[in-house]
file work-v9.pdb (PDB, C-alpha atoms)
ATOM      1  CA  ALA A   1      -5.656  15.420 -17.210  1.00  0.00           C
ATOM      2  CA  ALA A   2      -7.177  18.827 -17.971  1.00  0.00           C
ATOM      3  CA  THR A   3      -4.230  20.572 -16.309  1.00  0.00           C
ATOM      4  CA  HIS A   4      -1.254  18.359 -17.128  1.00  0.00           C
ATOM      5  CA  GLY A   5      -2.446  16.463 -20.191  1.00  0.00           C
ATOM      6  CA  PRO A   6      -3.325  12.842 -20.936  1.00  0.00           C
ATOM      7  CA  GLU A   7       0.282  11.625 -20.680  1.00  0.00           C
ATOM      8  CA  LYS A   8       0.534  12.725 -17.046  1.00  0.00           C
ATOM      9  CA  ALA A   9      -2.876  11.179 -16.352  1.00  0.00           C
ATOM     10  CA  LEU A  10      -1.635   7.855 -17.706  1.00  0.00           C
ATOM     11  CA  GLU A  11       1.536   8.121 -15.616  1.00  0.00           C
ATOM     12  CA  PHE A  12      -0.542   8.778 -12.505  1.00  0.00           C
ATOM     13  CA  GLY A  13      -2.818   5.838 -13.305  1.00  0.00           C
ATOM     14  CA  ALA A  14       0.122   3.500 -13.826  1.00  0.00           C
ATOM     15  CA  GLY A  15       1.807   4.699 -10.630  1.00  0.00           C
ATOM     16  CA  TYR A  16      -1.413   4.307  -8.670  1.00  0.00           C
ATOM     17  CA  VAL A  17      -2.001   0.751  -9.920  1.00  0.00           C
ATOM     18  CA  VAL A  18       1.580  -0.275  -9.077  1.00  0.00           C
ATOM     19  CA  GLU A  19       1.442   1.249  -5.595  1.00  0.00           C
ATOM     20  CA  GLN A  20      -2.029  -0.114  -4.850  1.00  0.00           C
ATOM     21  CA  SER A  21      -1.003  -3.648  -5.843  1.00  0.00           C
ATOM     22  CA  LEU A  22       2.066  -3.462  -3.609  1.00  0.00           C
ATOM     23  CA  SER A  23       0.008  -2.015  -0.749  1.00  0.00           C
ATOM     24  CA  VAL A  24      -2.600  -4.785  -0.929  1.00  0.00           C
ATOM     25  CA  ASP A  25       0.172  -7.357  -0.796  1.00  0.00           C
ATOM     26  CA  ASN A  26       1.672  -5.617   2.254  1.00  0.00           C
ATOM     27  CA  LEU A  27      -1.645  -5.869   4.087  1.00  0.00           C
ATOM     28  CA  LEU A  28      -0.762  -9.452   4.927  1.00  0.00           C
ATOM     29  CA  VAL A  29       2.117  -8.119   7.014  1.00  0.00           C
ATOM     30  CA  PHE A  30      -0.247  -5.788   8.874  1.00  0.00           C
ATOM     31  CA  LEU A  31      -2.611  -8.668   9.625  1.00  0.00           C
ATOM     32  CA  VAL A  32       0.236 -10.781  10.996  1.00  0.00           C
ATOM     33  CA  LEU A  33       1.445  -7.910  13.197  1.00  0.00           C
ATOM     34  CA  PHE A  34      -2.017  -7.229  14.606  1.00  0.00           C
ATOM     35  CA  ASP A  35      -2.473 -10.916  15.351  1.00  0.00           C
ATOM     36  CA  TYR A  36       0.965 -11.188  16.996  1.00  0.00           C
ATOM     37  CA  PHE A  37       0.420  -8.153  19.255  1.00  0.00           C
ATOM     38  CA  ARG A  38      -3.217  -9.192  19.900  1.00  0.00           C
ATOM     39  CA  VAL A  39      -4.656  -5.887  18.645  1.00  0.00           C
ATOM     40  CA  PRO A  40      -8.403  -6.523  18.165  1.00  0.00           C
ATOM     41  CA  PRO A  41     -10.298  -5.319  15.075  1.00  0.00           C
ATOM     42  CA  GLY A  42     -12.185  -2.057  15.438  1.00  0.00           C
ATOM     43  CA  PRO A  43     -11.098   1.256  16.971  1.00  0.00           C
ATOM     44  CA  MET A  44      -7.695  -0.021  18.150  1.00  0.00           C
ATOM     45  CA  GLN A  45      -6.640  -1.267  14.710  1.00  0.00           C
ATOM     46  CA  ASP A  46      -8.069   1.920  13.180  1.00  0.00           C
ATOM     47  CA  LYS A  47      -5.915   4.003  15.513  1.00  0.00           C
ATOM     48  CA  ALA A  48      -2.797   2.002  14.657  1.00  0.00           C
ATOM     49  CA  LEU A  49      -3.500   2.343  10.916  1.00  0.00           C
ATOM     50  CA  ALA A  50      -4.084   6.098  11.284  1.00  0.00           C
ATOM     51  CA  PHE A  51      -0.687   6.584  12.923  1.00  0.00           C
ATOM     52  CA  GLY A  52       0.811   4.339  10.261  1.00  0.00           C
ATOM     53  CA  LEU A  53      -0.669   6.658   7.635  1.00  0.00           C
ATOM     54  CA  TYR A  54       0.890   9.732   9.267  1.00  0.00           C
ATOM     55  CA  GLY A  55       4.271   8.028   9.209  1.00  0.00           C
ATOM     56  CA  ALA A  56       3.808   6.927   5.595  1.00  0.00           C
ATOM     57  CA  VAL A  57       3.117  10.513   4.485  1.00  0.00           C
ATOM     58  CA  VAL A  58       6.456  11.635   5.910  1.00  0.00           C
ATOM     59  CA  CYS A  59       8.433   8.520   4.945  1.00  0.00           C
ATOM     60  CA  ARG A  60       7.276   8.445   1.316  1.00  0.00           C
ATOM     61  CA  GLY A  61       7.894  12.180   0.989  1.00  0.00           C
ATOM     62  CA  ILE A  62      11.510  11.731   2.102  1.00  0.00           C
ATOM     63  CA  PHE A  63      12.071   8.734  -0.196  1.00  0.00           C
ATOM     64  CA  VAL A  64      10.503  10.481  -3.200  1.00  0.00           C
ATOM     65  CA  ALA A  65      12.561  13.641  -2.626  1.00  0.00           C
ATOM     66  CA  LEU A  66      15.796  11.652  -2.334  1.00  0.00           C
ATOM     67  CA  GLY A  67      14.924   9.601  -5.416  1.00  0.00           C
ATOM     68  CA  ALA A  68      14.118  12.701  -7.486  1.00  0.00           C
ATOM     69  CA  VAL A  69      17.388  14.404  -6.526  1.00  0.00           C
ATOM     70  CA  ALA A  70      19.362  11.233  -7.254  1.00  0.00           C
ATOM     71  CA  LEU A  71      17.756  10.808 -10.692  1.00  0.00           C
ATOM     72  CA  GLN A  72      18.368  14.439 -11.588  1.00  0.00           C
ATOM     73  CA  ASN A  73      22.039  14.338 -10.688  1.00  0.00           C
ATOM     74  CA  PHE A  74      23.027  10.747 -11.375  1.00  0.00           C
ATOM     75  CA  ARG A  75      21.221   8.709 -14.035  1.00  0.00           C
ATOM     76  CA  GLY A  76      23.045   5.595 -12.895  1.00  0.00           C
ATOM     77  CA  VAL A  77      20.586   5.423 -10.010  1.00  0.00           C
ATOM     78  CA  LEU A  78      18.166   3.905 -12.547  1.00  0.00           C
ATOM     79  CA  LEU A  79      20.275   0.755 -12.418  1.00  0.00           C
ATOM     80  CA  VAL A  80      20.156   0.814  -8.606  1.00  0.00           C
ATOM     81  CA  PHE A  81      16.355   1.017  -8.702  1.00  0.00           C
ATOM     82  CA  ALA A  82      16.246  -1.706 -11.369  1.00  0.00           C
ATOM     83  CA  GLY A  83      18.463  -3.963  -9.260  1.00  0.00           C
ATOM     84  CA  ILE A  84      16.260  -3.512  -6.176  1.00  0.00           C
ATOM     85  CA  LEU A  85      13.102  -4.350  -8.107  1.00  0.00           C
ATOM     86  CA  LEU A  86      14.570  -7.315  -9.968  1.00  0.00           C
ATOM     87  CA  PHE A  87      16.030  -8.741  -6.753  1.00  0.00           C
ATOM     88  CA  THR A  88      12.710  -8.394  -4.934  1.00  0.00           C
ATOM     89  CA  SER A  89      10.853  -9.908  -7.879  1.00  0.00           C
ATOM     90  CA  GLY A  90      13.168 -12.912  -8.025  1.00  0.00           C
ATOM     91  CA  LYS A  91      13.015 -13.431  -4.279  1.00  0.00           C
ATOM     92  CA  ILE A  92       9.199 -13.555  -4.304  1.00  0.00           C
ATOM     93  CA  LEU A  93       8.985 -15.772  -7.389  1.00  0.00           C
ATOM     94  CA  LEU A  94      11.522 -18.262  -6.023  1.00  0.00           C
ATOM     95  CA  LEU A  95       9.996 -18.341  -2.546  1.00  0.00           C
ATOM     96  CA  GLU A  96       8.282 -21.634  -1.851  1.00  0.00           C
ATOM     97  CA  ASP A  97       4.726 -21.464  -0.549  1.00  0.00           C
ATOM     98  CA  GLY A  98       4.871 -21.402   3.223  1.00  0.00           C
ATOM     99  CA  ASP A  99       8.484 -20.192   3.435  1.00  0.00           C
ATOM    100  CA  ASP A 100       7.266 -16.732   4.437  1.00  0.00           C
ATOM    101  CA  SER A 101       5.133 -18.015   7.313  1.00  0.00           C
ATOM    102  CA  ASP A 102       7.936 -18.231   9.874  1.00  0.00           C
ATOM    103  CA  ASP A 103       7.257 -17.108  13.433  1.00  0.00           C
ATOM    104  CA  VAL A 104       6.876 -13.331  13.371  1.00  0.00           C
ATOM    105  CA  ALA A 105       8.817 -13.204  16.645  1.00  0.00           C
ATOM    106  CA  ASP A 106      11.949 -14.038  14.636  1.00  0.00           C
ATOM    107  CA  ASN A 107      11.520 -10.946  12.438  1.00  0.00           C
ATOM    108  CA  ASP A 108      14.332  -8.423  13.001  1.00  0.00           C
ATOM    109  CA  VAL A 109      11.943  -5.461  13.232  1.00  0.00           C
ATOM    110  CA  VAL A 110       9.747  -7.203  15.809  1.00  0.00           C
ATOM    111  CA  LYS A 111      12.795  -8.356  17.764  1.00  0.00           C
ATOM    112  CA  TRP A 112      14.091  -4.787  17.982  1.00  0.00           C
ATOM    113  CA  VAL A 113      10.726  -3.395  19.095  1.00  0.00           C
ATOM    114  CA  ASN A 114      10.366  -6.149  21.720  1.00  0.00           C
ATOM    115  CA  SER A 115      13.902  -5.628  23.015  1.00  0.00           C
ATOM    116  CA  GLN A 116      12.754  -2.630  25.128  1.00  0.00           C
ATOM    117  CA  THR A 117      15.808  -0.752  23.882  1.00  0.00           C
ATOM    118  CA  LEU A 118      13.971   2.579  23.839  1.00  0.00           C
ATOM    119  CA  VAL A 119      11.210   2.245  26.448  1.00  0.00           C
ATOM    120  CA  PRO A 120      10.058  -0.432  28.902  1.00  0.00           C
ATOM    121  CA  SER A 121       7.000  -2.323  27.673  1.00  0.00           C
ATOM    122  CA  THR A 122       4.355  -4.757  28.837  1.00  0.00           C
ATOM    123  CA  ASP A 123       2.238  -7.480  27.250  1.00  0.00           C
ATOM    124  CA  ALA A 124      -0.950  -5.976  28.716  1.00  0.00           C
ATOM    125  CA  PHE A 125      -3.154  -3.184  27.378  1.00  0.00           C
ATOM    126  CA  ASP A 126      -4.203  -0.336  29.651  1.00  0.00           C
ATOM    127  CA  ALA A 127      -7.049  -1.503  31.902  1.00  0.00           C
ATOM    128  CA  GLU A 128      -8.983   1.796  31.774  1.00  0.00           C
ATOM    129  CA  ASP A 129      -8.475   2.589  28.085  1.00  0.00           C
ATOM    130  CA  PRO A 130      -7.014  -0.200  25.899  1.00  0.00           C
ATOM    131  CA  SER A 131      -6.380   2.319  23.080  1.00  0.00           C
ATOM    132  CA  ARG A 132      -3.672   4.090  25.100  1.00  0.00           C
ATOM    133  CA  PHE A 133      -0.065   3.706  24.021  1.00  0.00           C
ATOM    134  CA  PHE A 134       1.214   3.658  27.627  1.00  0.00           C
ATOM    135  CA  THR A 135      -0.060   2.171  30.865  1.00  0.00           C
ATOM    136  CA  LEU A 136       0.964   2.653  34.483  1.00  0.00           C
ATOM    137  CA  GLY A 137       2.164  -0.553  36.133  1.00  0.00           C
ATOM    138  CA  ALA A 138       1.674  -1.592  39.742  1.00  0.00           C
ATOM    139  CA  ASP A 139       5.236  -0.449  40.437  1.00  0.00           C
ATOM    140  CA  GLY A 140       4.416   3.060  39.195  1.00  0.00           C
ATOM    141  CA  VAL A 141       6.469   2.721  36.000  1.00  0.00           C
ATOM    142  CA  ARG A 142       4.895   3.815  32.690  1.00  0.00           C
ATOM    143  CA  ARG A 143       5.251   1.068  30.118  1.00  0.00           C
ATOM    144  CA  ALA A 144       4.445   0.898  26.427  1.00  0.00           C
ATOM    145  CA  THR A 145       1.454  -1.275  25.540  1.00  0.00           C
ATOM    146  CA  PRO A 146       1.297  -3.791  22.666  1.00  0.00           C
ATOM    147  CA  LEU A 147      -0.603  -1.139  20.674  1.00  0.00           C
ATOM    148  CA  LEU A 148       2.449   1.125  20.631  1.00  0.00           C
ATOM    149  CA  ALA A 149       4.641  -1.846  19.683  1.00  0.00           C
ATOM    150  CA  ALA A 150       2.292  -2.637  16.778  1.00  0.00           C
ATOM    151  CA  VAL A 151       2.416   0.986  15.565  1.00  0.00           C
ATOM    152  CA  ALA A 152       6.215   0.994  15.794  1.00  0.00           C
ATOM    153  CA  CYS A 153       6.387  -2.175  13.690  1.00  0.00           C
ATOM    154  CA  LEU A 154       3.950  -0.699  11.153  1.00  0.00           C
ATOM    155  CA  GLU A 155       6.097   2.427  10.811  1.00  0.00           C
ATOM    156  CA  LEU A 156       9.341   0.487  10.449  1.00  0.00           C
ATOM    157  CA  SER A 157       7.697  -1.917   8.002  1.00  0.00           C
ATOM    158  CA  ASP A 158       6.597   1.022   5.856  1.00  0.00           C
ATOM    159  CA  VAL A 159      10.229   2.116   5.567  1.00  0.00           C
ATOM    160  CA  VAL A 160      11.026  -1.360   4.219  1.00  0.00           C
ATOM    161  CA  PHE A 161       8.018  -1.234   1.866  1.00  0.00           C
ATOM    162  CA  ALA A 162       9.093   2.175   0.534  1.00  0.00           C
ATOM    163  CA  VAL A 163      12.403   0.709  -0.637  1.00  0.00           C
ATOM    164  CA  ASP A 164      10.411  -1.300  -3.214  1.00  0.00           C
ATOM    165  CA  SER A 165       7.389   0.884  -3.888  1.00  0.00           C
ATOM    166  CA  VAL A 166       9.073   4.245  -4.542  1.00  0.00           C
ATOM    167  CA  PRO A 167      11.534   2.872  -7.155  1.00  0.00           C
ATOM    168  CA  ALA A 168       8.633   0.940  -8.706  1.00  0.00           C
ATOM    169  CA  VAL A 169       6.617   4.128  -9.280  1.00  0.00           C
ATOM    170  CA  PHE A 170       9.727   5.960 -10.499  1.00  0.00           C
ATOM    171  CA  GLY A 171       9.835   3.173 -13.072  1.00  0.00           C
ATOM    172  CA  VAL A 172       6.650   4.473 -14.711  1.00  0.00           C
ATOM    173  CA  THR A 173       7.222   8.208 -14.220  1.00  0.00           C
ATOM    174  CA  GLU A 174      10.090  10.444 -13.138  1.00  0.00           C
ATOM    175  CA  ASP A 175       7.770  13.280 -12.097  1.00  0.00           C
ATOM    176  CA  PRO A 176       8.176  13.453  -8.278  1.00  0.00           C
ATOM    177  CA  PHE A 177       4.754  15.085  -7.880  1.00  0.00           C
ATOM    178  CA  ILE A 178       3.046  12.156  -9.613  1.00  0.00           C
ATOM    179  CA  VAL A 179       5.177   9.623  -7.732  1.00  0.00           C
ATOM    180  CA  TYR A 180       4.210  11.135  -4.368  1.00  0.00           C
ATOM    181  CA  THR A 181       0.516  11.754  -5.109  1.00  0.00           C
ATOM    182  CA  SER A 182      -0.024   8.289  -6.588  1.00  0.00           C
ATOM    183  CA  ASN A 183       1.601   6.852  -3.459  1.00  0.00           C
ATOM    184  CA  MET A 184      -0.638   8.914  -1.193  1.00  0.00           C
ATOM    185  CA  PHE A 185      -3.878   8.147  -3.054  1.00  0.00           C
ATOM    186  CA  ALA A 186      -3.089   4.428  -2.998  1.00  0.00           C
ATOM    187  CA  ILE A 187      -2.234   4.475   0.717  1.00  0.00           C
ATOM    188  CA  LEU A 188      -5.357   6.488   1.576  1.00  0.00           C
ATOM    189  CA  GLY A 189      -7.459   4.009  -0.383  1.00  0.00           C
ATOM    190  CA  LEU A 190      -5.726   1.162   1.409  1.00  0.00           C
ATOM    191  CA  ARG A 191      -6.654   2.569   4.821  1.00  0.00           C
ATOM    192  CA  ALA A 192     -10.247   3.325   3.783  1.00  0.00           C
ATOM    193  CA  TRP A 193     -10.832  -0.175   2.382  1.00  0.00           C
ATOM    194  CA  TYR A 194      -8.624  -1.997   4.862  1.00  0.00           C
ATOM    195  CA  ALA A 195     -11.132  -4.650   5.956  1.00  0.00           C
ATOM    196  CA  VAL A 196     -12.200  -5.535   2.402  1.00  0.00           C
ATOM    197  CA  LEU A 197      -8.699  -5.463   0.916  1.00  0.00           C
ATOM    198  CA  ALA A 198      -7.241  -7.459   3.795  1.00  0.00           C
ATOM    199  CA  GLN A 199      -9.669 -10.294   3.106  1.00  0.00           C
ATOM    200  CA  ALA A 200      -8.991 -10.041  -0.629  1.00  0.00           C
ATOM    201  CA  ALA A 201      -5.243 -10.245  -0.037  1.00  0.00           C
ATOM    202  CA  GLN A 202      -5.747 -13.498   1.867  1.00  0.00           C
ATOM    203  CA  ASP A 203      -8.090 -15.007  -0.725  1.00  0.00           C
ATOM    204  CA  LEU A 204      -6.106 -14.099  -3.861  1.00  0.00           C
ATOM    205  CA  ALA A 205      -3.423 -16.782  -3.721  1.00  0.00           C
ATOM    206  CA  TYR A 206      -1.600 -15.750  -6.898  1.00  0.00           C
ATOM    207  CA  LEU A 207      -1.659 -11.984  -6.336  1.00  0.00           C
ATOM    208  CA  GLU A 208       1.781 -11.967  -4.715  1.00  0.00           C
ATOM    209  CA  LYS A 209       3.359 -13.724  -7.717  1.00  0.00           C
ATOM    210  CA  ALA A 210       1.605 -11.298 -10.079  1.00  0.00           C
ATOM    211  CA  VAL A 211       2.990  -8.362  -8.095  1.00  0.00           C
ATOM    212  CA  ALA A 212       6.452  -9.938  -8.344  1.00  0.00           C
ATOM    213  CA  LEU A 213       6.117 -10.093 -12.146  1.00  0.00           C
ATOM    214  CA  VAL A 214       5.088  -6.418 -12.172  1.00  0.00           C
ATOM    215  CA  LEU A 215       8.178  -5.516 -10.140  1.00  0.00           C
ATOM    216  CA  GLY A 216      10.319  -7.519 -12.554  1.00  0.00           C
ATOM    217  CA  PHE A 217       8.780  -5.744 -15.548  1.00  0.00           C
ATOM    218  CA  VAL A 218       9.306  -2.294 -14.027  1.00  0.00           C
ATOM    219  CA  GLY A 219      12.879  -3.197 -13.075  1.00  0.00           C
ATOM    220  CA  ALA A 220      13.620  -4.318 -16.634  1.00  0.00           C
ATOM    221  CA  LYS A 221      11.971  -1.127 -17.948  1.00  0.00           C
ATOM    222  CA  LEU A 222      14.324   0.992 -15.822  1.00  0.00           C
ATOM    223  CA  ALA A 223      17.344  -0.933 -17.084  1.00  0.00           C
ATOM    224  CA  PHE A 224      16.236  -0.438 -20.708  1.00  0.00           C
ATOM    225  CA  GLU A 225      15.724   3.282 -20.096  1.00  0.00           C
ATOM    226  CA  PHE A 226      19.284   3.569 -18.826  1.00  0.00           C
ATOM    227  CA  VAL A 227      20.605   2.321 -22.173  1.00  0.00           C
ATOM    228  CA  GLY A 228      18.256   4.591 -24.130  1.00  0.00           C
ATOM    229  CA  TYR A 229      15.275   2.325 -24.918  1.00  0.00           C
ATOM    230  CA  GLU A 230      11.996   3.873 -23.758  1.00  0.00           C
ATOM    231  CA  VAL A 231       8.866   1.863 -22.980  1.00  0.00           C
ATOM    232  CA  SER A 232       5.767   4.048 -23.346  1.00  0.00           C
ATOM    233  CA  THR A 233       3.442   4.721 -20.424  1.00  0.00           C
ATOM    234  CA  GLU A 234       0.550   3.181 -22.378  1.00  0.00           C
ATOM    235  CA  VAL A 235       2.431  -0.093 -22.826  1.00  0.00           C
ATOM    236  CA  SER A 236       3.561  -0.074 -19.194  1.00  0.00           C
ATOM    237  CA  LEU A 237       0.040   0.473 -17.885  1.00  0.00           C
ATOM    238  CA  ALA A 238      -1.338  -2.261 -20.163  1.00  0.00           C
ATOM    239  CA  VAL A 239       1.286  -4.800 -19.065  1.00  0.00           C
ATOM    240  CA  ILE A 240       0.839  -3.981 -15.375  1.00  0.00           C
ATOM    241  CA  ALA A 241      -2.971  -4.130 -15.507  1.00  0.00           C
ATOM    242  CA  ALA A 242      -2.951  -7.352 -17.548  1.00  0.00           C
ATOM    243  CA  THR A 243      -0.473  -9.065 -15.210  1.00  0.00           C
ATOM    244  CA  LEU A 244      -2.441  -8.173 -12.089  1.00  0.00           C
ATOM    245  CA  GLY A 245      -5.701  -9.122 -13.823  1.00  0.00           C
ATOM    246  CA  VAL A 246      -4.365 -12.558 -14.709  1.00  0.00           C
ATOM    247  CA  GLY A 247      -3.176 -13.029 -11.116  1.00  0.00           C
ATOM    248  CA  VAL A 248      -6.598 -12.142  -9.713  1.00  0.00           C
ATOM    249  CA  ALA A 249      -8.444 -14.259 -12.303  1.00  0.00           C
ATOM    250  CA  ALA A 250      -6.201 -17.275 -11.686  1.00  0.00           C
ATOM    251  CA  SER A 251      -6.796 -16.948  -7.940  1.00  0.00           C
ATOM    252  CA  VAL A 252     -10.578 -16.968  -8.459  1.00  0.00           C
ATOM    253  CA  TRP A 253     -10.825 -19.625 -11.168  1.00  0.00           C
ATOM    254  CA  PHE A 254      -7.956 -21.914 -10.177  1.00  0.00           C
ATOM    255  CA  PRO A 255      -7.571 -21.660  -6.393  1.00  0.00           C
ATOM    256  CA  PRO A 256      -4.796 -23.838  -4.925  1.00  0.00           C
ATOM    257  CA  ASP A 257      -5.853 -27.044  -3.233  1.00  0.00           C
TER     258      ASP A 257
END
call {"tool": "encode", "arguments": {"input": "work-v9.pdb", "output": "structure tokens"}}
result
Amino acid sequence: AATHGPEKALEFGAGYVVEQSLSVDNLLVFLVLFDYFRVPPGPMQDKALAFGLYGAVVCRGIFVALGAVALQNFRGVLLVFAGILLFTSGKILLLEDGDDSDDVADNDVVKWVNSQTLVPSTDAFDAEDPSRFFTLGADGVRRATPLLAAVACLELSDVVFAVDSVPAVFGVTEDPFIVYTSNMFAILGLRAWYAVLAQAAQDLAYLEKAVALVLGFVGAKLAFEFVGYEVSTEVSLAVIAATLGVGVAASVWFPPD
């Protein structure tokens, strides 16, 4: 705030809150992937998350750069971002409880990773060092372990997540530096507090719906900006924080049966 002023500080705060809320919600996907590939908690999950972080740094940088160039040269991209966010919001809000619990093996990303299109793989971890990405089979062929498959799914999932999260942060600020840094701070916090946040994501039943409402609000904000109506950063931050707060409070005080 001392360098860029209070307005930029508010934009960063709003971007951070949006990205952190989306990241916590996405933790459920990570938990499902680790369970499916039988990656135990501890050093092996930490290693997978670390490689996921490296990929996220590069992926988000590319998405932010493309988004900034698109906004600078074609303002109509605001409507594209708005459409993505509103569609995602509606899909989550209309999703019946339990509809998203289908067998993870049917997921397109997991199917592609398991298809052995790129490298041969095995269902077993390396006997000498389970944290290795490859193991040598009895036939002398090096095969990818489930740990590498889990990392591949994490990386591909982050590409899917970025399609929502980057436009969402662009909805509260068009400064690419703030968009990228708020993304990175939120992701770093997510990795550092993974165990705590993962449990919170499971316990807060209404958090996902609250995040969907935030996405809908940001999408509508982008659409209004395209036609010349600006929503201030202060109002945006207040609406986002209040919506997430209500979702957390409802989860604690009125848990589903």
call {"tool": "closest_atom_pairs", "arguments": {"input": "work-v9.pdb", "of": "stretch 143-244 of chain A", "to": "stretch 129-132 of chain A", "cutoff": "9 Å", "atoms": "all atoms listed in the file", "output": "Markdown table"}}
result
| residue | atom | partner | partner_atom | distance |
| --- | --- | --- | --- | --- |
| A:Ala144 | CA | A:Arg132 | CA | 8.8 |
| A:Thr145 | CA | A:Arg132 | CA | 7.4 |
| A:Leu147 | CA | A:Ser131 | CA | 7.1 |
| A:Leu148 | CA | A:Arg132 | CA | 8.1 |
call {"tool": "atom_distance", "arguments": {"input": "work-v9.pdb", "atom1": "atom CA of A:Arg143", "atom2": "atom CA of A:Pro120"}}
result
5.2 Å
call {"tool": "closest_residue", "arguments": {"input": "work-v9.pdb", "among": "A:Val248, A:Val58, A:Val179, A:Val17", "to": "A:Val159", "atoms": "all atoms listed in the file"}}
result
A:Val58
call {"tool": "atom_distance", "arguments": {"input": "work-v9.pdb", "atom1": "atom CA of A:Leu94", "atom2": "atom CA of A:Lys209"}}
result
9.5 Å
call {"tool": "residues_around", "arguments": {"input": "work-v9.pdb", "residues": "A:Leu136", "least_positions_apart": "2", "cutoff": "12 Å", "atoms": "all atoms listed in the file", "output": "compact mmCIF listing (two decimals) with C-alpha atoms, in the coordinates of the input"}}
result
# COMPACT_ATOMS: atom_id res chain seq x y z
CA PRO A 120 10.06 -0.43 28.90
CA SER A 121 7.00 -2.32 27.67
CA THR A 122 4.36 -4.76 28.84
CA ALA A 124 -0.95 -5.98 28.72
CA PHE A 125 -3.15 -3.18 27.38
CA ASP A 126 -4.20 -0.34 29.65
CA ALA A 127 -7.05 -1.50 31.90
CA GLU A 128 -8.98 1.80 31.77
CA ASP A 129 -8.48 2.59 28.08
CA ARG A 132 -3.67 4.09 25.10
CA PHE A 133 -0.06 3.71 24.02
CA PHE A 134 1.21 3.66 27.63
CA ALA A 138 1.67 -1.59 39.74
CA ASP A 139 5.24 -0.45 40.44
CA GLY A 140 4.42 3.06 39.20
CA VAL A 141 6.47 2.72 36.00
CA ARG A 142 4.89 3.82 32.69
CA ARG A 143 5.25 1.07 30.12
CA ALA A 144 4.44 0.90 26.43
CA THR A 145 1.45 -1.27 25.54
call {"tool": "resolve_selection", "arguments": {"input": "work-v9.pdb", "expression": "the PyMOL selection byres ((chain A and resi 216-224) around 8)", "output": "count of residues only"}}
result
24
call {"tool": "closest_residue", "arguments": {"input": "work-v9.pdb", "among": "A:Pro256, A:Leu33, A:Thr173, A:Gly42", "to": "A:Ser232", "atoms": "only C-alpha atoms"}}
result
A:Thr173
call {"tool": "closest_residue", "arguments": {"input": "work-v9.pdb", "among": "A:Met184, A:Ala250, A:Ala50, A:Ile178", "to": "A:Tyr206", "atoms": "only C-alpha atoms"}}
result
A:Ala250
call {"tool": "closest_residue", "arguments": {"input": "work-v9.pdb", "among": "A:Pro167, A:Ala162, A:Phe34, A:Cys59", "to": "A:Lys47", "atoms": "all atoms listed in the file"}}
result
A:Phe34
call {"tool": "residues_around", "arguments": {"input": "work-v9.pdb", "residues": "A:Leu156", "least_positions_apart": "2", "cutoff": "10 Å", "atoms": "all atoms listed in the file", "output": "MDAnalysis selection string"}}
result
chainID A and resid 52 55:56 59 109:110 113 150:154 158:161
call {"tool": "resolve_selection", "arguments": {"input": "work-v9.pdb", "expression": "the PyMOL selection byres ((chain A and resi 22) around 12)", "output": "NGL selection string"}}
result
:A and (15-21 or 23-29 or 85 or 88-89 or 158 or 161-169 or 183 or 186-187 or 190 or 197 or 201 or 207-215 or 240 or 244)
